[in-house]
file coords01.cif (mmCIF, C-alpha atoms and all ligand atoms)
data_start
loop_
_atom_site.label_atom_id
_atom_site.label_comp_id
_atom_site.auth_asym_id
_atom_site.auth_seq_id
_atom_site.Cartn_x
_atom_site.Cartn_y
_atom_site.Cartn_z
CA MET E 1 17.24 -62.14 3.42
CA LYS E 2 15.22 -60.00 5.77
CA SER E 3 12.10 -61.50 7.31
CA PRO E 4 8.87 -59.56 6.74
CA GLY E 5 8.62 -59.13 10.54
CA LYS E 6 12.01 -57.48 10.68
CA GLU E 7 11.13 -55.24 7.77
CA LEU E 8 7.93 -54.14 9.57
CA ARG E 9 9.87 -53.39 12.76
CA GLY E 10 12.28 -51.32 10.64
CA PHE E 11 9.37 -49.41 9.15
CA ARG E 12 7.88 -48.81 12.61
CA SER E 13 11.18 -47.48 13.86
CA PHE E 14 11.35 -45.26 10.78
CA LEU E 15 7.82 -43.97 11.56
CA CYS E 16 8.83 -43.34 15.14
CA HIS E 17 11.83 -41.34 14.00
CA MET E 18 9.61 -39.45 11.57
CA ASN E 19 7.24 -38.61 14.45
CA SER E 20 10.15 -37.31 16.51
CA PHE E 21 11.31 -35.34 13.51
CA ILE E 22 7.85 -33.83 12.92
CA TYR E 23 7.57 -33.07 16.64
CA PHE E 24 11.00 -31.45 16.59
CA ALA E 25 10.13 -29.45 13.48
CA PHE E 26 6.89 -28.35 15.13
CA ILE E 27 8.75 -27.16 18.26
CA LEU E 28 11.20 -25.31 16.01
CA PHE E 29 8.26 -23.69 14.21
CA LEU E 30 6.71 -22.62 17.52
CA ILE E 31 9.98 -21.12 18.72
CA SER E 32 10.44 -19.24 15.47
CA SER E 33 6.91 -17.89 15.51
CA CYS E 34 7.30 -16.80 19.13
CA ASN E 35 10.46 -14.95 18.14
CA GLY E 36 8.48 -13.50 15.30
CA VAL E 37 6.03 -11.94 17.72
CA THR E 38 8.71 -10.17 19.71
CA ALA E 39 11.09 -9.16 16.93
CA LYS E 40 10.32 -6.20 14.72
CA ASN E 41 10.37 -6.15 10.95
CA THR E 42 10.74 -9.86 10.31
CA SER E 43 9.15 -11.02 7.11
CA SER E 44 6.59 -13.15 8.95
CA ILE E 45 5.36 -10.02 10.71
CA ASN E 46 5.18 -7.99 7.55
CA ASN E 47 3.10 -10.73 6.02
CA LYS E 48 0.64 -10.48 8.88
CA SER E 49 0.64 -6.69 8.90
CA LYS E 50 -1.92 -4.85 6.82
CA PRO E 51 -1.86 -1.48 5.11
CA LEU E 52 -4.31 0.75 6.97
CA VAL E 53 -5.13 4.45 7.03
CA THR E 54 -6.83 6.40 9.81
CA PHE E 55 -7.94 10.02 9.81
CA VAL E 56 -8.21 11.74 13.19
CA PHE E 57 -9.52 15.27 13.69
CA ASP E 58 -8.08 16.67 16.90
CA ASP E 59 -9.85 19.06 19.30
CA GLY E 60 -13.46 18.34 18.27
CA ASN E 61 -13.92 21.32 15.94
CA GLU E 62 -17.37 21.98 14.50
CA THR E 63 -15.98 21.33 10.99
CA ASP E 64 -15.72 17.62 11.90
CA TYR E 65 -19.50 17.70 11.61
CA THR E 66 -20.14 20.48 9.08
CA VAL E 67 -17.42 19.46 6.59
CA ALA E 68 -15.62 16.19 7.35
CA ARG E 69 -18.76 14.17 8.01
CA ASP E 70 -19.92 14.76 4.45
CA ILE E 71 -16.48 14.12 2.91
CA PHE E 72 -16.25 10.72 4.58
CA SER E 73 -19.87 9.61 4.25
CA SER E 74 -19.94 10.49 0.54
CA GLN E 75 -17.00 8.09 0.10
CA GLY E 76 -18.49 5.40 2.33
CA GLU E 77 -15.80 5.92 4.96
CA VAL E 78 -15.50 7.09 8.57
CA ALA E 79 -12.98 9.04 10.64
CA CYS E 80 -12.33 9.90 14.29
CA THR E 81 -12.81 13.04 16.33
CA ALA E 82 -10.66 13.64 19.41
CA VAL E 83 -12.68 15.67 21.87
CA VAL E 84 -11.64 18.02 24.68
CA THR E 85 -14.54 17.73 27.11
CA ASN E 86 -14.33 21.35 28.33
CA TRP E 87 -14.77 22.57 24.74
CA VAL E 88 -17.84 20.49 23.86
CA ASN E 89 -20.96 22.65 23.27
CA THR E 90 -18.90 25.86 22.99
CA LYS E 91 -18.60 28.16 19.94
CA ASN E 92 -16.93 26.52 16.92
CA TYR E 93 -16.74 23.12 18.63
CA LEU E 94 -18.93 20.04 18.37
CA SER E 95 -22.14 19.80 20.36
CA VAL E 96 -23.21 16.67 22.22
CA SER E 97 -25.87 15.89 19.61
CA GLN E 98 -23.34 16.28 16.77
CA LEU E 99 -21.00 13.87 18.60
CA ALA E 100 -23.83 11.39 19.00
CA GLU E 101 -24.65 11.63 15.29
CA LEU E 102 -21.02 11.13 14.28
CA GLN E 103 -20.82 8.06 16.49
CA LYS E 104 -24.04 6.76 14.96
CA ASP E 105 -22.44 7.19 11.52
CA GLY E 106 -19.60 4.92 12.63
CA TRP E 107 -17.09 7.59 13.60
CA GLU E 108 -14.99 6.90 16.66
CA ILE E 109 -15.00 9.51 19.43
CA LEU E 110 -11.61 9.72 21.11
CA SER E 111 -10.71 11.41 24.37
CA HIS E 112 -8.36 14.38 24.04
CA THR E 113 -8.43 15.13 27.80
CA GLU E 114 -10.58 17.49 29.80
CA SER E 115 -8.73 20.81 29.33
CA HIS E 116 -6.02 20.12 26.70
CA PRO E 117 -2.89 20.52 28.87
CA ASN E 118 0.62 19.35 28.08
CA LEU E 119 0.31 16.19 30.18
CA LYS E 120 4.09 16.01 30.64
CA THR E 121 3.98 19.12 32.82
CA LEU E 122 1.31 17.81 35.22
CA SER E 123 1.60 15.81 38.43
CA GLY E 124 0.53 12.17 38.39
CA SER E 125 -2.77 12.96 40.10
CA GLN E 126 -3.49 15.80 37.65
CA VAL E 127 -2.85 13.46 34.69
CA GLU E 128 -5.07 10.89 36.35
CA ALA E 129 -7.88 13.46 36.65
CA GLU E 130 -7.54 14.67 33.03
CA LEU E 131 -7.61 11.15 31.62
CA SER E 132 -10.24 9.60 33.85
CA LYS E 133 -12.72 12.50 33.91
CA SER E 134 -12.66 13.16 30.17
CA LYS E 135 -13.53 9.52 29.59
CA SER E 136 -16.30 9.34 32.19
CA ILE E 137 -17.84 12.67 31.13
CA LEU E 138 -18.11 11.49 27.52
CA GLU E 139 -19.35 8.06 28.54
CA ASN E 140 -22.04 9.68 30.67
CA LEU E 141 -23.21 11.41 27.49
CA GLY E 142 -23.78 7.97 25.99
CA LEU E 143 -20.59 7.90 23.91
CA THR E 144 -18.19 4.97 23.65
CA ILE E 145 -14.66 6.07 24.51
CA LYS E 146 -11.79 3.62 24.16
CA ASN E 147 -8.78 5.52 22.89
CA LEU E 148 -6.86 8.68 23.73
CA VAL E 149 -5.04 11.44 21.83
CA TYR E 150 -2.36 13.28 23.84
CA PRO E 151 -2.69 17.10 23.59
CA TYR E 152 0.21 18.60 21.60
CA ASN E 153 1.21 14.97 20.93
CA LYS E 154 3.10 15.09 24.24
CA THR E 155 3.52 12.05 26.42
CA ASN E 156 6.08 10.24 28.57
CA GLU E 157 6.36 6.97 30.47
CA THR E 158 4.34 8.24 33.46
CA VAL E 159 1.54 9.56 31.26
CA LYS E 160 1.52 6.34 29.21
CA LYS E 161 1.23 4.25 32.36
CA ILE E 162 -1.79 6.24 33.53
CA ALA E 163 -3.30 6.17 30.03
CA ALA E 164 -3.09 2.38 30.15
CA LYS E 165 -5.44 2.34 33.16
CA TYR E 166 -8.25 3.92 31.17
CA TYR E 167 -7.61 3.50 27.44
CA ARG E 168 -6.78 0.88 24.89
CA SER E 169 -4.25 3.17 23.17
CA GLY E 170 -2.78 6.66 23.12
CA ARG E 171 -1.69 8.61 20.05
CA ASP E 172 1.13 11.09 19.70
CA GLY E 173 2.86 12.55 16.61
CA GLY E 174 6.28 11.48 15.42
CA SER E 175 5.64 11.43 11.65
CA MET E 176 6.11 7.66 11.43
CA LEU E 177 4.12 4.68 10.26
CA ASN E 178 3.01 2.15 12.83
CA PRO E 179 4.63 -1.26 12.59
CA TYR E 180 2.79 -4.43 13.36
CA ILE E 181 4.32 -4.69 16.79
CA LEU E 182 3.80 -1.30 18.28
CA ASP E 183 3.60 0.50 21.54
CA ARG E 184 -0.11 1.11 21.61
CA TYR E 185 0.35 3.99 24.06
CA GLU E 186 2.54 5.71 21.52
CA LEU E 187 0.73 5.37 18.21
CA LYS E 188 2.55 7.49 15.64
CA SER E 189 0.87 9.94 13.29
CA TYR E 190 1.42 12.46 10.52
CA SER E 191 -0.09 15.92 10.42
CA ILE E 192 -2.01 16.68 7.19
CA LYS E 193 -0.09 19.40 5.37
CA HIS E 194 -0.85 21.46 2.27
CA ASP E 195 1.31 19.22 0.13
CA LEU E 196 -0.88 16.61 -1.50
CA SER E 197 1.92 14.79 -3.28
CA LYS E 198 3.72 14.34 0.05
CA MET E 199 0.51 13.07 1.69
CA LYS E 200 0.08 10.62 -1.17
CA SER E 201 3.68 9.44 -0.79
CA TYR E 202 2.92 8.56 2.85
CA ILE E 203 -0.04 6.52 1.60
CA ASP E 204 2.23 4.82 -0.99
CA ASN E 205 4.73 3.95 1.76
CA ALA E 206 2.09 2.60 4.13
CA HIS E 207 0.80 0.42 1.31
CA SER E 208 4.16 -0.93 0.20
CA GLU E 209 5.39 -1.48 3.77
CA LYS E 210 2.00 -2.85 4.87
CA LYS E 211 1.87 -0.45 7.78
CA TRP E 212 -0.69 1.64 9.59
CA LEU E 213 -0.73 5.29 8.63
CA ILE E 214 -2.52 7.67 10.99
CA PHE E 215 -3.19 11.19 9.72
CA TYR E 216 -4.31 13.94 12.04
CA HIS E 217 -5.75 17.32 11.34
CA HIS E 218 -7.64 20.08 13.13
CA GLN E 219 -10.26 22.49 11.80
CA ILE E 220 -10.93 22.15 8.06
CA ASP E 221 -10.57 25.41 6.18
CA ALA E 222 -9.78 27.01 2.87
CA LYS E 223 -7.62 30.00 2.00
CA ILE E 224 -8.04 32.09 -1.10
CA LYS E 225 -6.45 35.12 -2.69
CA ILE E 226 -8.96 37.83 -3.49
CA SER E 227 -9.06 41.20 -5.25
CA ASP E 228 -11.53 44.04 -5.90
CA LYS E 229 -12.77 43.82 -2.32
CA ASN E 230 -15.79 46.04 -1.78
CA GLY E 231 -17.04 46.36 1.83
CA ASN E 232 -16.06 44.28 4.87
CA LEU E 233 -17.00 40.69 5.46
CA ILE E 234 -18.38 39.80 8.89
CA LEU E 235 -16.85 36.89 10.82
CA GLY E 236 -19.13 33.86 10.75
CA GLU E 237 -21.30 35.05 7.86
CA ASN E 238 -22.08 32.84 4.89
CA LEU E 239 -20.19 33.37 1.66
CA PHE E 240 -21.67 32.67 -1.76
CA PHE E 241 -19.46 31.98 -4.75
CA GLN E 242 -20.78 32.57 -8.28
CA PRO E 243 -20.88 31.10 -10.85
CA SER E 244 -19.47 27.95 -9.15
CA GLY E 245 -22.41 27.92 -6.71
CA ALA E 246 -20.13 27.04 -3.79
CA LYS E 247 -20.89 28.10 -0.22
CA GLY E 248 -18.64 28.78 2.74
CA LYS E 249 -18.46 30.44 6.16
CA TYR E 250 -16.06 33.36 6.56
CA THR E 251 -13.65 32.67 9.43
CA ALA E 252 -10.73 35.13 9.18
CA SER E 253 -8.91 37.63 7.04
CA GLY E 254 -5.32 37.04 5.98
CA ILE E 255 -2.99 38.16 8.76
CA ALA E 256 -0.34 39.77 6.56
CA PHE E 257 -2.65 40.79 3.72
CA PRO E 258 -6.17 41.27 5.15
CA ASP E 259 -7.45 42.77 1.90
CA THR E 260 -6.10 40.15 -0.43
CA ALA E 261 -6.44 36.83 1.42
CA ILE E 262 -9.30 35.32 3.41
CA TYR E 263 -10.00 32.06 5.22
CA PHE E 264 -13.34 30.30 5.24
CA THR E 265 -14.95 26.97 6.05
CA PRO E 266 -15.67 25.24 2.71
CA LEU E 267 -19.24 24.05 3.19
CA SER E 268 -20.54 22.94 -0.20
CA GLY E 269 -19.49 23.02 -3.83
CA ILE E 270 -16.02 23.90 -5.07
CA PRO E 271 -15.07 27.58 -5.32
CA HIS E 272 -13.10 28.44 -8.46
CA ALA E 273 -10.86 31.24 -9.66
CA ASP E 274 -12.88 34.15 -11.11
CA ASP E 275 -15.86 33.43 -8.84
CA THR E 276 -17.50 36.50 -7.35
CA ILE E 277 -17.74 36.26 -3.56
CA THR E 278 -20.67 37.80 -1.71
CA GLY E 279 -21.12 37.99 2.06
CA GLN E 280 -24.71 37.10 2.93
CA THR E 281 -25.06 39.57 5.84
CA SER E 282 -22.54 42.29 4.97
CA GLY E 283 -23.25 42.33 1.24
CA ALA E 284 -19.47 42.81 0.79
CA THR E 285 -18.10 41.45 -2.46
CA GLY E 286 -14.79 40.43 -3.96
CA LYS E 287 -13.25 38.43 -6.74
CA LEU E 288 -11.60 35.06 -6.14
CA ASP E 289 -8.17 35.23 -7.79
CA ARG E 290 -6.67 31.96 -6.67
CA VAL E 291 -7.44 29.10 -4.29
CA ILE E 292 -4.35 28.85 -2.09
CA TYR E 293 -5.64 25.68 -0.47
CA ASN E 294 -8.94 23.95 0.13
CA GLU E 295 -8.55 21.26 2.78
CA LYS E 296 -11.98 19.82 2.05
CA GLU E 297 -10.95 19.03 -1.52
CA ASP E 298 -7.51 17.82 -0.38
CA ILE E 299 -8.90 15.30 2.11
CA LYS E 300 -11.45 14.12 -0.45
CA ASP E 301 -8.60 13.72 -2.93
CA MET E 302 -6.59 11.64 -0.42
CA ILE E 303 -9.51 9.24 0.13
CA GLU E 304 -10.10 8.95 -3.62
CA TYR E 305 -6.39 8.30 -4.12
CA ILE E 306 -6.58 5.36 -1.69
CA HIS E 307 -9.75 3.98 -3.31
CA THR E 308 -8.36 4.26 -6.83
CA ASN E 309 -4.83 3.03 -6.27
CA TYR E 310 -5.12 0.72 -3.27
CA PRO E 311 -8.65 -0.67 -3.08
CA GLU E 312 -7.49 -3.30 -0.57
CA MET E 313 -6.16 -0.62 1.81
CA LYS E 314 -8.69 -0.10 4.57
CA ILE E 315 -9.64 3.25 6.09
CA VAL E 316 -10.36 2.50 9.74
CA THR E 317 -11.00 4.11 13.10
CA ILE E 318 -8.25 3.80 15.73
CA ASP E 319 -10.18 1.05 17.51
CA LYS E 320 -10.68 -0.95 14.29
CA GLY E 321 -7.02 -0.40 13.42
CA LEU E 322 -5.98 -1.95 16.73
CA ASP E 323 -8.28 -4.90 15.97
CA PHE E 324 -6.70 -5.35 12.52
CA MET E 325 -3.25 -5.19 14.08
CA GLU E 326 -4.40 -7.85 16.55
CA ILE E 327 -3.58 -5.60 19.47
CA PRO E 328 -5.60 -6.50 22.58
ZN ZN U 1 -5.31 19.13 20.41
#

call {"tool": "encode", "arguments": {"input": "coords01.cif", "output": "structure tokens"}}
result
Amino acid sequence: MKSPGKELRGFRSFLCHMNSFIYFAFILFLISSCNGVTAKNTSSINNKSKPLVTFVFDDGNETDYTVARDIFSSQGEVACTAVVTNWVNTKNYLSVSQLAELQKDGWEILSHTESHPNLKTLSGSQVEAELSKSKSILENLGLTIKNLVYPYNKTNETVKKIAAKYYRSGRDGGSMLNPYILDRYELKSYSIKHDLSKMKSYIDNAHSEKKWLIFYHHQIDAKIKISDKNGNLILGENLFFQPSGAKGKYTASGIAFPDTAIYFTPLSGIPHADDTITGQTSGATGKLDRVIYNEKEDIKDMIEYIHTNYPEMKIVTIDKGLDFMEIP
């Protein structure tokens, strides 16, 4: 028969073994989570990763303010504008006060260099100047600049290394989603194309794979097919559409068919087929036969698609996206 003392000693030894076992299991857990941080696409990482969407407007076009600002604010969302410092305050580009207002709204202002060169073709010191000056110029205007967009989506190891001296991240193209573990000096992005169902499929994928989808776009415009043109529209004049009540700003005639297609900035309302178009200054008129595309409505549609189908999917700036991805 075992004495109670012996039984207690046995229990203590059992506890001691249990402690070693728990300690061992804990070490194993630590090792596996460390591996998890360096390996891509493990399930633990996907669990941590979140579905995110970011909209970036490259080049700092005026339509970021005149069109996109309203699209995003009416949906309670924000976007980013990537600014070329030499183009600020010039025709068709954002002014300093518009940039300040966008930032106040919660938009992120990104650097898109000083003169928009292909950085891969420059010397190290030229890249250094483009990346450092664009940041300091914008910061001296009172803007917060943390992240970079490479012109033409072009970068290489040298450029990335210099970008790392001044920025938290750099974005190029690549038409890929961003995984949880990512090279933050090579954030991947998709260009917004006139194919809404494709754009929505990217959103579906980002949601199901819990990845970060970055869309980029430039100037926001609309293209329509017209007929019965009477007189000549003047570049930059306001266009009125009746009976829809929509307004726009005439930007160009169709290259191949100048009399049957025009481009304009969609400012307010939604132009419809059979509207009569009138140029405010020229008095020229025409009939709207068909809307070929209206990027304002498309982008609005994309945001609504996210809100309706994936309410938990966040629309974030680049800087917030990096925070969500727990990137330093
Ligand atoms: Zn650009």

call {"tool": "closest_atom_pairs", "arguments": {"input": "coords01.cif", "of": "chain E", "to": "ligand ZN 1 (chain U)", "cutoff": "8 Å", "atoms": "all atoms listed in the file", "output": "tab-separated table"}}
result
residue	atom	partner	partner_atom	distance
E:Asp58	CA	U:ZN1	ZN	5.1
E:Asp59	CA	U:ZN1	ZN	4.7
E:Ala82	CA	U:ZN1	ZN	7.7
E:Val84	CA	U:ZN1	ZN	7.7
E:His112	CA	U:ZN1	ZN	6.7
E:His116	CA	U:ZN1	ZN	6.4
E:Val149	CA	U:ZN1	ZN	7.8
E:Tyr150	CA	U:ZN1	ZN	7.4
E:Pro151	CA	U:ZN1	ZN	4.6
E:Tyr152	CA	U:ZN1	ZN	5.7
E:Asn153	CA	U:ZN1	ZN	7.8
E:His218	CA	U:ZN1	ZN	7.7

call {"tool": "axis_aligned_box", "arguments": {"input": "coords01.cif", "around": "segment 260-274 of chain E", "padding_each_side": "8 Å", "output": "JSON"}}
result
{"center_x": -13.3, "center_y": 31.5, "center_z": -2.5, "size_x": 30.4, "size_y": 33.2, "size_z": 33.2}

call {"tool": "residues_around", "arguments": {"input": "coords01.cif", "residues": "Asp228 of chain E", "least_positions_apart": "2", "cutoff": "7 Å", "atoms": "all atoms listed in the file", "output": "list in words"}}
result
Asn230, Gly286 and Lys287 of chain E

call {"tool": "atom_distance", "arguments": {"input": "coords01.cif", "atom1": "atom CA of Val159 of chain E", "atom2": "atom CA of Asn89 of chain E"}}
result
27.2 Å

call {"tool": "residues_around", "arguments": {"input": "coords01.cif", "residues": "Tyr310 of chain E", "least_positions_apart": "6", "cutoff": "12 Å", "atoms": "only C-alpha atoms", "output": "list in words"}}
result
Lys50, Pro51, Leu52, Val53, Lys200, Ile203, Asp204, Asn205, Ala206, His207, Ser208, Lys210, Met302, Ile303 and Glu304 of chain E

call {"tool": "atom_distance", "arguments": {"input": "coords01.cif", "atom1": "atom CA of Ile270 of chain E", "atom2": "atom CA of Leu239 of chain E"}}
result
12.3 Å

call {"tool": "residues_near_point", "arguments": {"input": "coords01.cif", "point": "(-15.3, 32.2, 3.5)", "cutoff": "6 Å", "atoms": "all atoms listed in the file", "output": "ChimeraX atom specification"}}
result
/E:239,248-250,263-265

call {"tool": "residues_around", "arguments": {"input": "coords01.cif", "residues": "Trp212 of chain E", "least_positions_apart": "6", "cutoff": "12 Å", "atoms": "only C-alpha atoms", "output": "VMD selection string"}}
result
chain E and resid 46 49 to 55 175 to 182 187 to 190 202 to 206 313 to 318 320 to 325
